[in-house]
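Pasted below: protein-v3.cif, mmCIF, C-alpha atoms and all ligand atoms.
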```
data_coords
loop_
_atom_site.label_atom_id
_atom_site.label_comp_id
_atom_site.auth_asym_id
_atom_site.auth_seq_id
_atom_site.Cartn_x
_atom_site.Cartn_y
_atom_site.Cartn_z
CA MET O 23 112.72 107.03 67.90
CA ALA O 24 110.22 109.60 69.09
CA ASP O 25 107.67 108.73 66.40
CA LYS O 26 107.95 104.98 66.47
CA THR O 27 105.21 103.50 68.62
CA HIS O 28 105.18 99.82 67.76
CA TYR O 29 107.80 97.21 68.46
CA ASP O 30 108.16 93.46 68.46
CA LEU O 31 108.92 93.53 72.16
CA ILE O 32 108.35 95.98 74.99
CA VAL O 33 110.17 95.51 78.28
CA LEU O 34 108.56 97.19 81.27
CA GLY O 35 111.05 97.94 84.04
CA GLY O 36 114.67 99.03 84.39
CA GLY O 37 115.81 96.81 87.26
CA PRO O 38 118.05 93.75 86.98
CA ALA O 39 115.29 91.68 85.36
CA GLY O 40 114.43 94.29 82.73
CA MET O 41 118.05 95.21 81.98
CA THR O 42 119.08 91.58 81.51
CA ALA O 43 116.10 91.06 79.20
CA VAL O 44 117.38 94.03 77.19
CA VAL O 45 120.86 92.55 76.87
CA TYR O 46 119.49 89.23 75.65
CA GLY O 47 116.92 90.87 73.37
CA ALA O 48 119.49 93.24 71.89
CA ARG O 49 121.90 90.41 71.18
CA LYS O 50 119.09 88.71 69.25
CA GLN O 51 118.65 92.02 67.43
CA MET O 52 115.06 92.24 68.48
CA ASP O 53 113.04 95.31 67.66
CA MET O 54 112.47 96.45 71.20
CA LEU O 55 111.65 99.31 73.56
CA VAL O 56 112.20 99.69 77.30
CA ILE O 57 109.78 101.69 79.40
CA SER O 58 110.89 102.64 82.91
CA ASP O 59 111.41 105.94 84.65
CA ASP O 60 114.65 104.82 86.23
CA ILE O 61 117.53 102.43 85.81
CA GLY O 62 118.37 100.10 88.64
CA GLY O 63 115.13 99.55 90.50
CA GLN O 64 115.56 98.36 94.08
CA THR O 65 119.20 97.55 93.46
CA MET O 66 119.88 101.28 93.85
CA TRP O 67 118.91 101.06 97.53
CA SER O 68 121.32 98.35 98.54
CA ALA O 69 124.29 99.62 100.54
CA GLY O 70 126.29 96.49 99.93
CA ILE O 71 125.75 93.45 97.74
CA GLU O 72 127.84 90.39 98.49
CA ASN O 73 126.03 87.69 96.56
CA TYR O 74 126.08 88.73 92.92
CA LEU O 75 128.55 86.51 91.11
CA GLY O 76 131.79 88.18 90.14
CA PHE O 77 131.51 90.92 92.78
CA PRO O 78 132.53 89.89 96.31
CA PHE O 79 131.40 93.35 97.44
CA ILE O 80 129.76 96.11 95.47
CA THR O 81 127.30 98.85 96.42
CA GLY O 82 123.90 98.95 94.71
CA PRO O 83 124.56 102.20 92.83
CA GLU O 84 127.94 100.85 91.61
CA LEU O 85 126.37 97.66 90.31
CA VAL O 86 123.62 99.66 88.62
CA GLN O 87 126.25 101.82 86.95
CA LYS O 88 127.80 98.65 85.53
CA PHE O 89 124.40 97.44 84.34
CA GLU O 90 123.82 100.77 82.69
CA GLU O 91 127.19 100.81 80.92
CA HIS O 92 126.58 97.28 79.67
CA VAL O 93 123.09 98.05 78.39
CA ARG O 94 123.97 101.40 76.86
CA GLN O 95 126.25 99.83 74.27
CA PHE O 96 123.25 98.26 72.54
CA ASN O 97 121.43 101.57 72.02
CA VAL O 98 118.03 100.14 72.76
CA PRO O 99 115.41 102.91 72.85
CA HIS O 100 114.31 103.76 76.39
CA GLU O 101 111.26 105.84 77.27
CA TYR O 102 111.63 107.37 80.73
CA THR O 103 108.07 107.00 81.93
CA ARG O 104 105.86 104.32 83.49
CA ALA O 105 103.20 101.98 82.20
CA SER O 106 99.77 102.97 83.49
CA ASN O 107 97.82 100.31 81.62
CA LEU O 108 98.50 97.11 79.73
CA SER O 109 95.85 95.58 77.49
CA ARG O 110 95.66 92.94 74.80
CA THR O 111 93.62 92.65 71.62
CA GLY O 112 94.19 89.51 69.58
CA ASP O 113 97.93 88.89 69.61
CA ARG O 114 98.76 92.54 70.11
CA PHE O 115 99.58 94.28 73.37
CA SER O 116 99.03 97.90 74.07
CA VAL O 117 100.88 99.85 76.77
CA GLN O 118 99.64 103.22 77.95
CA THR O 119 102.11 105.42 79.80
CA HIS O 120 101.80 107.95 82.59
CA ASP O 121 102.69 110.74 80.18
CA GLY O 122 99.71 109.87 78.01
CA ARG O 123 101.27 107.93 75.14
CA THR O 124 100.46 104.48 73.76
CA PHE O 125 102.94 101.91 72.52
CA THR O 126 102.09 98.56 70.96
CA ALA O 127 104.00 95.32 70.72
CA ARG O 128 103.66 91.67 69.79
CA ALA O 129 105.26 90.56 73.04
CA VAL O 130 105.73 92.16 76.45
CA ILE O 131 108.00 91.37 79.37
CA VAL O 132 106.72 92.71 82.69
CA ALA O 133 109.73 93.30 84.95
CA THR O 134 108.32 96.08 87.11
CA GLY O 135 109.54 94.72 90.44
CA LYS O 136 108.44 96.09 93.75
CA SER O 137 108.03 99.47 95.41
CA PRO O 138 107.73 100.53 99.04
CA ARG O 139 104.32 99.74 100.45
CA MET O 140 102.20 102.69 101.53
CA LEU O 141 100.46 102.89 104.91
CA GLY O 142 97.14 103.89 103.43
CA VAL O 143 96.19 106.46 106.08
CA PRO O 144 94.73 109.96 105.58
CA GLY O 145 97.37 112.59 104.87
CA GLU O 146 100.01 110.16 103.62
CA LYS O 147 99.65 110.71 99.87
CA GLU O 148 99.26 114.47 100.22
CA LEU O 149 102.43 114.79 102.30
CA ILE O 150 104.78 112.57 100.28
CA GLY O 151 108.06 114.45 99.94
CA ARG O 152 106.79 116.99 102.50
CA GLY O 153 107.87 114.99 105.49
CA VAL O 154 106.63 111.57 104.42
CA THR O 155 109.44 109.53 102.91
CA TYR O 156 110.02 105.92 101.89
CA CYS O 157 113.81 106.19 101.63
CA ALA O 158 115.48 106.91 104.95
CA THR O 159 118.91 106.48 103.41
CA CYS O 160 118.13 109.20 100.87
CA ASP O 161 116.24 111.79 102.83
CA GLY O 162 117.20 111.03 106.44
CA PRO O 163 119.87 113.74 106.77
CA VAL O 164 117.41 116.42 105.67
CA PHE O 165 115.57 115.87 108.99
CA ALA O 166 118.60 116.39 111.23
CA GLY O 167 117.58 118.36 114.32
CA HIS O 168 113.90 117.42 114.10
CA ASP O 169 111.80 114.77 115.83
CA VAL O 170 110.82 111.93 113.51
CA ALA O 171 108.73 108.76 113.53
CA ILE O 172 109.72 105.55 111.84
CA ILE O 173 106.88 103.24 110.92
CA GLY O 174 107.73 99.54 110.79
CA GLY O 175 109.77 97.56 113.27
CA GLY O 176 111.53 95.24 110.85
CA ASN O 177 115.16 95.44 109.82
CA SER O 178 114.78 98.37 107.43
CA GLY O 179 112.81 100.32 110.05
CA LEU O 180 115.46 99.67 112.70
CA ASP O 181 118.24 100.61 110.28
CA ALA O 182 116.46 103.93 109.89
CA VAL O 183 116.21 104.30 113.68
CA VAL O 184 119.93 103.71 114.14
CA GLN O 185 120.66 106.25 111.40
CA MET O 186 118.27 108.91 112.75
CA MET O 187 118.90 108.57 116.49
CA LYS O 188 122.33 110.10 115.98
CA ILE O 189 121.00 113.28 114.37
CA CYS O 190 117.49 113.78 115.80
CA PRO O 191 116.47 114.87 119.32
CA LYS O 192 113.72 112.24 119.46
CA VAL O 193 112.95 109.17 117.35
CA TYR O 194 109.73 107.17 117.67
CA ILE O 195 109.47 103.66 116.26
CA ILE O 196 105.98 102.37 115.64
CA GLU O 197 105.19 98.71 115.09
CA ARG O 198 101.81 96.95 114.96
CA SER O 199 103.05 93.63 116.37
CA PRO O 200 103.66 93.23 120.11
CA GLU O 201 107.44 92.96 119.46
CA LEU O 202 109.95 94.55 117.10
CA ARG O 203 110.72 92.14 114.26
CA ALA O 204 114.33 93.12 113.53
CA ASP O 205 117.63 91.44 114.36
CA ALA O 206 118.54 91.48 118.06
CA VAL O 207 121.66 93.62 117.56
CA VAL O 208 119.82 96.61 116.11
CA VAL O 209 116.88 96.20 118.47
CA ARG O 210 119.28 96.43 121.42
CA LYS O 211 120.85 99.61 119.99
CA ALA O 212 117.40 101.20 119.80
CA GLN O 213 116.46 100.03 123.31
CA GLU O 214 119.64 101.43 124.80
CA ALA O 215 119.33 104.87 123.22
CA ASP O 216 117.91 107.61 125.47
CA ASN O 217 116.15 109.39 122.64
CA VAL O 218 114.30 106.44 121.08
CA GLU O 219 110.75 105.64 122.15
CA ILE O 220 109.55 102.20 121.07
CA LEU O 221 105.80 101.92 120.54
CA THR O 222 104.79 98.35 119.76
CA GLY O 223 101.21 97.16 119.42
CA THR O 224 100.61 100.58 117.89
CA LYS O 225 99.19 101.76 114.58
CA VAL O 226 99.29 105.07 112.73
CA THR O 227 95.83 106.46 112.00
CA GLU O 228 96.63 109.78 110.34
CA ILE O 229 99.46 111.98 109.14
CA ILE O 230 98.85 115.63 109.96
CA GLY O 231 100.12 118.76 108.24
CA GLU O 232 99.26 121.53 105.81
CA ASP O 233 102.32 122.17 103.63
CA PHE O 234 104.62 119.94 105.62
CA VAL O 235 104.19 117.19 108.20
CA ASP O 236 103.42 118.52 111.69
CA GLY O 237 102.63 115.29 113.44
CA ILE O 238 100.95 111.91 113.35
CA MET O 239 98.05 110.33 115.18
CA ILE O 240 98.69 106.92 116.64
CA ASP O 241 96.54 104.47 118.56
CA SER O 242 96.86 101.06 120.12
CA VAL O 243 96.08 98.29 117.65
CA ASP O 244 92.74 97.63 119.38
CA GLY O 245 91.93 101.35 119.41
CA GLY O 246 90.84 103.46 122.33
CA SER O 247 94.10 105.21 123.23
CA PRO O 248 94.75 107.84 120.56
CA ARG O 249 97.83 110.02 120.94
CA ARG O 250 99.45 112.72 118.87
CA LEU O 251 103.19 112.77 118.20
CA ASP O 252 104.68 116.07 117.05
CA VAL O 253 107.14 115.00 114.36
CA LYS O 254 108.43 116.64 111.19
CA GLY O 255 109.46 113.45 109.44
CA VAL O 256 107.62 110.16 108.91
CA PHE O 257 109.72 107.32 107.52
CA ILE O 258 107.59 104.47 106.22
CA GLU O 259 109.40 101.12 106.22
CA ILE O 260 106.65 98.50 106.07
CA GLY O 261 107.87 96.36 103.22
CA LEU O 262 107.35 96.22 99.50
CA SER O 263 104.49 95.46 97.17
CA PRO O 264 104.60 94.39 93.52
CA ASN O 265 104.03 96.99 90.79
CA THR O 266 101.20 95.26 88.97
CA ASP O 267 98.23 97.61 89.20
CA PHE O 268 98.50 98.39 85.47
CA ALA O 269 98.42 94.70 84.52
CA ASP O 270 95.51 93.23 86.42
CA GLY O 271 93.20 93.54 83.41
CA VAL O 272 95.41 91.21 81.37
CA VAL O 273 96.76 88.69 83.79
CA ARG O 274 95.43 87.14 86.98
CA LEU O 275 97.52 88.08 90.00
CA ASN O 276 98.11 85.92 93.05
CA PRO O 277 96.86 87.06 96.48
CA HIS O 278 100.10 89.01 97.04
CA GLY O 279 99.53 90.94 93.81
CA GLU O 280 102.36 89.08 92.04
CA ILE O 281 102.21 87.67 88.51
CA PRO O 282 102.30 83.86 88.52
CA VAL O 283 104.81 82.47 86.02
CA ASP O 284 106.02 79.03 84.99
CA CYS O 285 109.68 78.01 84.91
CA ALA O 286 110.03 79.57 81.44
CA ALA O 287 108.85 83.03 82.62
CA ARG O 288 105.53 82.54 80.80
CA THR O 289 102.35 84.00 82.26
CA GLY O 290 99.93 81.70 80.44
CA ILE O 291 99.03 84.52 78.04
CA PRO O 292 100.76 84.02 74.70
CA GLY O 293 103.42 86.67 74.21
CA LEU O 294 103.26 87.94 77.80
CA TYR O 295 106.26 87.17 79.99
CA ALA O 296 107.15 88.30 83.48
CA ALA O 297 110.45 88.25 85.36
CA GLY O 298 111.96 89.14 88.70
CA ASP O 299 110.42 90.44 91.90
CA VAL O 300 107.08 91.18 90.25
CA THR O 301 106.48 87.45 89.83
CA ASP O 302 105.68 84.67 92.29
CA VAL O 303 109.29 83.40 92.06
CA PRO O 304 110.11 82.20 95.59
CA GLU O 305 113.23 84.29 96.22
CA LYS O 306 113.66 87.97 95.49
CA GLN O 307 117.31 88.48 94.63
CA ILE O 308 119.25 90.33 91.95
CA ILE O 309 120.78 87.26 90.39
CA ILE O 310 117.41 85.51 90.29
CA ALA O 311 115.70 88.53 88.72
CA ALA O 312 118.52 88.77 86.17
CA GLY O 313 118.27 85.07 85.30
CA ASP O 314 114.51 85.30 84.92
CA GLY O 315 114.93 88.34 82.68
CA ALA O 316 117.18 86.29 80.42
CA LYS O 317 114.63 83.48 80.26
CA ALA O 318 111.84 85.90 79.46
CA ALA O 319 113.78 87.53 76.60
CA LEU O 320 114.79 84.21 75.06
CA GLY O 321 111.21 82.96 75.46
CA ALA O 322 109.82 86.09 73.80
CA TYR O 323 112.32 85.72 70.99
CA ALA O 324 111.32 82.11 70.33
CA TYR O 325 107.66 83.09 70.49
CA LEU O 326 108.07 85.95 68.01
CA VAL O 327 110.09 83.90 65.55
CA ARG O 328 107.26 81.40 65.37
CA LEU O 329 104.45 83.93 65.31
CA PRO O 330 103.35 84.76 61.77
CA VAL O 331 103.35 88.51 61.17
CA ALA O 332 99.79 89.57 60.46
CA GLU O 333 99.49 90.94 56.92
CA ASP O 334 97.42 93.87 58.01
CA TRP O 335 99.85 94.59 60.85
CA GLY O 336 100.84 97.96 59.41
CA GLN O 337 97.29 99.24 59.48
CA MET O 338 96.31 97.59 62.70
CA ILE O 339 98.69 99.43 64.94
CA THR O 340 97.99 102.98 63.86
CA MET Q 21 126.00 120.71 73.58
CA ALA Q 22 124.84 121.46 77.06
CA THR Q 23 128.25 122.76 78.06
CA GLN Q 24 128.26 125.35 75.29
CA ASP Q 25 124.98 126.77 76.58
CA ALA Q 26 126.66 126.91 80.00
CA LYS Q 27 123.45 126.38 81.91
CA GLN Q 28 123.62 126.93 85.64
CA VAL Q 29 123.09 123.53 87.17
CA THR Q 30 122.94 122.88 90.92
CA VAL Q 31 122.31 119.50 92.53
CA TYR Q 32 121.09 119.35 96.15
CA THR Q 33 122.23 116.09 97.67
CA THR Q 34 122.86 114.05 100.79
CA PRO Q 35 125.99 111.87 100.89
CA THR Q 36 123.98 108.65 101.35
CA CYS Q 37 121.33 109.14 98.70
CA PRO Q 38 121.88 106.72 95.80
CA TYR Q 39 119.90 108.74 93.27
CA CYS Q 40 122.09 111.77 94.01
CA HIS Q 41 125.11 109.75 92.90
CA GLN Q 42 123.21 108.61 89.83
CA VAL Q 43 122.34 112.20 88.88
CA LYS Q 44 125.94 113.32 89.33
CA ASP Q 45 127.26 110.43 87.22
CA TYR Q 46 124.69 111.21 84.57
CA LEU Q 47 125.70 114.89 84.41
CA LYS Q 48 129.41 114.04 84.35
CA GLN Q 49 128.87 111.56 81.56
CA LYS Q 50 126.99 114.20 79.55
CA GLY Q 51 129.79 116.69 80.20
CA VAL Q 52 127.46 119.08 82.05
CA GLU Q 53 129.15 121.28 84.64
CA PHE Q 54 127.29 121.54 87.92
CA SER Q 55 127.72 122.58 91.52
CA GLU Q 56 126.71 120.36 94.38
CA LYS Q 57 125.12 121.38 97.68
CA ASN Q 58 125.15 118.85 100.47
CA VAL Q 59 122.00 119.60 102.43
CA ALA Q 60 123.02 117.23 105.21
CA ALA Q 61 125.87 119.56 106.18
CA ASP Q 62 124.78 122.93 104.80
CA LEU Q 63 121.72 124.26 106.62
CA GLU Q 64 121.44 127.28 104.35
CA ALA Q 65 121.36 125.04 101.30
CA ARG Q 66 118.76 122.84 102.97
CA ASN Q 67 116.47 125.81 103.54
CA ALA Q 68 117.03 127.03 99.99
CA MET Q 69 116.14 123.61 98.62
CA VAL Q 70 112.95 123.42 100.68
CA GLN Q 71 111.97 126.91 99.63
CA LYS Q 72 112.63 126.31 95.93
CA SER Q 73 111.16 122.85 95.65
CA GLY Q 74 108.48 123.04 98.33
CA GLN Q 75 109.48 119.63 99.63
CA LEU Q 76 112.08 117.74 101.64
CA GLY Q 77 113.32 114.96 99.36
CA VAL Q 78 116.65 114.71 97.57
CA PRO Q 79 117.96 114.99 94.95
CA VAL Q 80 116.69 118.34 93.76
CA ILE Q 81 118.19 119.57 90.50
CA GLU Q 82 118.10 123.22 89.54
CA VAL Q 83 118.67 124.17 85.90
CA ASP Q 84 118.70 127.91 85.24
CA GLY Q 85 116.29 128.55 88.11
CA GLN Q 86 113.90 125.72 87.30
CA THR Q 87 113.73 122.87 89.78
CA ILE Q 88 113.29 119.15 89.25
CA VAL Q 89 112.50 116.91 92.21
CA GLY Q 90 114.13 113.49 92.00
CA PHE Q 91 116.19 112.08 89.15
CA ASN Q 92 113.62 112.63 86.43
CA ARG Q 93 115.65 111.98 83.27
CA ALA Q 94 112.96 113.03 80.83
CA LYS Q 95 112.54 116.41 82.53
CA LEU Q 96 116.27 116.89 83.02
CA GLU Q 97 116.99 116.20 79.36
CA GLU Q 98 114.30 118.67 78.40
CA LEU Q 99 115.72 121.43 80.61
CA LEU Q 100 119.31 120.77 79.55
CA GLY Q 101 118.21 121.00 75.93
C1 LIG K 401 117.50 97.62 100.61
C2 LIG K 401 117.59 96.42 99.70
C3 LIG K 401 118.74 95.66 99.69
C4 LIG K 401 118.84 94.55 98.85
N1 LIG K 401 120.01 93.84 98.86
C5 LIG K 401 120.14 92.81 98.00
C6 LIG K 401 121.38 92.05 97.96
O1 LIG K 401 122.32 92.35 98.70
N2 LIG K 401 121.47 91.03 97.07
C7 LIG K 401 120.43 90.68 96.24
O2 LIG K 401 120.58 89.77 95.42
N3 LIG K 401 119.26 91.35 96.27
C8 LIG K 401 119.08 92.39 97.14
N4 LIG K 401 117.88 93.06 97.17
C9 LIG K 401 116.78 92.60 96.31
C10 LIG K 401 116.98 93.04 94.86
O3 LIG K 401 117.23 94.43 94.83
C11 LIG K 401 115.75 92.71 94.02
O4 LIG K 401 115.48 91.33 94.10
C12 LIG K 401 115.96 93.07 92.54
O5 LIG K 401 116.27 94.43 92.39
C13 LIG K 401 114.72 92.75 91.74
O6 LIG K 401 114.90 93.15 90.42
P1 LIG K 401 113.67 93.42 89.44
O7 LIG K 401 114.26 93.88 88.16
O8 LIG K 401 112.78 92.24 89.41
O9 LIG K 401 112.78 94.57 90.13
P2 LIG K 401 113.17 96.02 90.68
O10 LIG K 401 114.58 96.09 91.09
O11 LIG K 401 112.11 96.34 91.67
O12 LIG K 401 112.99 96.97 89.40
C14 LIG K 401 111.73 97.28 88.88
C15 LIG K 401 111.85 98.28 87.76
O13 LIG K 401 110.56 98.49 87.18
C16 LIG K 401 110.27 99.87 87.12
N5 LIG K 401 108.82 100.04 87.17
C17 LIG K 401 107.99 99.94 88.24
N6 LIG K 401 106.71 100.18 87.87
C18 LIG K 401 106.74 100.40 86.54
C19 LIG K 401 105.72 100.67 85.56
N7 LIG K 401 104.44 100.77 85.89
N8 LIG K 401 106.11 100.83 84.27
C20 LIG K 401 107.40 100.74 83.90
N9 LIG K 401 108.40 100.47 84.77
C21 LIG K 401 108.06 100.31 86.08
C22 LIG K 401 111.02 100.45 88.29
O14 LIG K 401 111.17 101.84 88.12
C23 LIG K 401 112.32 99.67 88.20
O15 LIG K 401 113.14 100.18 87.19
C24 LIG K 401 117.75 94.18 98.00
C25 LIG K 401 116.58 94.94 98.02
C26 LIG K 401 116.48 96.06 98.85
C27 LIG K 401 115.22 96.86 98.85
#
```
Please express what this file holds, its structure, as C-alpha cells.
Ligand SMILES: Cc1cc2nc3c(=O)[nH]c(=O)nc-3n(C[C@H](O)[C@H](O)[C@H](O)COP(=O)(O)OP(=O)(O)OC[C@H]3O[C@@H](n4cnc5c(N)ncnc54)[C@H](O)[C@@H]3O)c2cc1C
Amino acid sequence: MADKTHYDLIVLGGGPAGMTAVVYGARKQMDMLVISDDIGGQTMWSAGIENYLGFPFITGPELVQKFEEHVRQFNVPHEYTRASNLSRTGDRFSVQTHDGRTFTARAVIVATGKSPRMLGVPGEKELIGRGVTYCATCDGPVFAGHDVAIIGGGNSGLDAVVQMMKICPKVYIIERSPELRADAVVVRKAQEADNVEILTGTKVTEIIGEDFVDGIMIDSVDGGSPRRLDVKGVFIEIGLSPNTDFADGVVRLNPHGEIPVDCAARTGIPGLYAAGDVTDVPEKQIIIAAGDGAKAALGAYAYLVRLPVAEDWGQMIT
Amino acid sequence: MATQDAKQVTVYTTPTCPYCHQVKDYLKQKGVEFSEKNVAADLEARNAMVQKSGQLGVPVIEVDGQTIVGFNRAKLEELLG
C-alpha cells in the first residue's frame, strides 16, 4: 500500500460524499485510493441530525462512526493527508499531497466539501489555535473565565454566544451588518444577557498577540472609530467556503469557488467528477452529498470501463 | 501491538468536542489504553495542555511525552508504532 502510487480512481475527501463514493467504488471492485486527513467532514460538527433517512435523531459523530464502520469493511486504502494540487496530462490525473507525495489516477472524484471561512485580517493565521478558533463547540470550554469575542452574527455565531456567555465574564459579538442575522430566539437570549455586548455595523481589523491572543482591533464598517477589545479568545463563525484551491488549475470554478457539475456529477473534464458541498449543487445536505458521491462513483466506473488502458501506462506513471 | 508496548497515552478533551470522541473511539478500537483529561473541568490539566502543546485547541494527544495537536491519524499511528 505504501509503495503503490497509481490507481484507477482517487477520491479526495472523507465526508459523506467521499465515503459514499468509496462504498460504491469498492462494491464495483475498483482499484481506488482515498485521500483525506479526516473521516466525517462537516458532519462531525452537527450536534443533531434529524433528516438523514433511517435515523430520526443521531449526532454527527455517531453518524460518522457508522459511516466509518461501513467503509472500513471494504479495506480501501486511505492516505491521511490532503491534496495540495491536482493536474491533468492527457487522460491521467496527478494529485500532489501536503506531505509531499504524488499519486496518479485515471479518474478523480473531488469531494472536498467546505471549511470554515477565514476573516483574512493580520494576526489571524499566526494565532490559529492560540486563541483563534473556528470550532466553538470544540474549544469553547478551554476559554472559561476569560473574555472572548465571537465574529459573525448568524446562527452559528449566536450559538457560540449562548454557549460562552455562561462561562465567560464578558462576550462580544461582532457583526458587519446593521442587525444580527440569527433566529429571534437566540438573538433575544444574547440581548437579555448582562455580559454580552452586541457590536453590529462593526468589522475586525486585526487580531493582536505574541504567543497567544491578547485582543482584537475593531472599527465601524465605514472606518473612523477604531477600538481595542481585550479578549483571550476569538471565535470566527462567518460561514464556510469550498475547498477547491488545489483544483483551480484543472477545472473552472464558479464565483463562489464551487465546482460546477451536471446532473451526473461530471465536471466537463473527462474522468473528473465532483460531489457534495464542493459543487454548485443547490442544497448542502448530508443525504444530497451522499447521493452525489454515489453518482460520481458509478459515473467514474462507467467511464473507466470504456476507457482503453494505454499500452505504455506502466511506464507513463513512474 | 500497541498495548504490549504499554505506551503512556493521555488525551486532553472537552466534553463537547466531536474530534475528542473520535480520538477516543479510535484508541479503544485499536485496543490502546489511555487516560483522559477533561480540560473544561480540570484547570490544572488545561494549563498542562497549554504548556505542553503551546496552544489552546482540543484534542491534544500525548504519547510517551510527545504531543499531537488535533486528531492527526498519520502522526498518531506513527507514535503508537
Ligand atoms: C454545524 C453543521 C450542522 C449541519 N447539520 C446538518 C444536518 O442536520 N443535516 C444535514 O443533512 N446536513 C447538515 N449539515 C451539512 C452537511 O454536514 C454537509 O452538507 C455534508 O457534510 C457535506 O458533505 P461533503 O462530503 O460534500 O463535504 P464535507 O462534509 O465538507 O467533507 C469534506 C471532506 O474533504 C476533506 N478535504 C478537504 N480538503 C481536502 C483536500 N485538499 N484534500 C483531501 N481532502 C480534503 C475534508 O477533510 C473532509 O473529509 C451541517 C453542517 C454543519 C457545519
Could I get the residues of chain Q with an atom no further than 12 Å from an atom of ligand LIG 401 (chain K), each paired with its nearest atom pair and that distance in Å to one decimal, using all atoms listed in the file, sorted by chain and residue number, as CSV?
```
residue,atom,partner,partner_atom,distance
Q:Pro38,CA,K:LIG401,C1,11.2
Q:Phe91,CA,K:LIG401,O14,11.5
Q:Asn92,CA,K:LIG401,O14,11.2
```
Please determine, counting all atoms listed in the file, which residue among O:Gly315, O:Gly245, O:Gly290, O:Gly70 has the shortest atom-to-atom distance to Leu275 in chain O.
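The answer is O:Gly290, which sits nearest to Leu275 in chain O.
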Give the residues of chain O that lie within 7 Å of chain Q; count all atoms listed in the file, and format the answer as a PyMOL selection string.
chain O and resi 66-67+83+102+151-153+159-161+163-164
Given 6 Å of margin on each side, can you work out the centre and size in Å (one decimal) of an axis-aligned box holding every listed atom of range 36-46 of chain O, as AutoDock Vina command-line options?
```
--center_x 117.6 --center_y 94.1 --center_z 81.5 --size_x 18.4 --size_y 21.8 --size_z 23.6
```
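Between CA of Ser137 in chain O and CA of Asp314 in chain O the separation is 18.8 Å.
If you count all atoms listed in the file and ignore residues fewer than 2 places along the chain from range 248-265 of chain O, what sits within 6 Å of it is Thr134, Gly135, Lys136, Ser137, Pro138, Arg139, Gly153, Val154, Thr155, Tyr156, Asp169, Val170, Ala171, Ile172, Ile173, Gly174, Gly179, Val235, Asp236, Gly237, Ile238, Met239, Ile240, Asp241, Glu280 and Val300 of chain O.
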So, counting all atoms listed in the file, which residue among Q:Leu47, Q:Ala65, Q:Val83, Q:Val52 is closest to Glu98 in chain Q?
Q:Val83
Leaving out range 325-328 of chain O and any residue of its chain fewer than 5 positions from it, which residues lie within 10 Å of it when counting only C-alpha atoms, given as a PyMOL selection string?
chain O and resi 30-31+52+128-129+292-294+319-320
The distance between CA of Val117 in chain O and CA of Asp284 in chain O is 23.0 Å
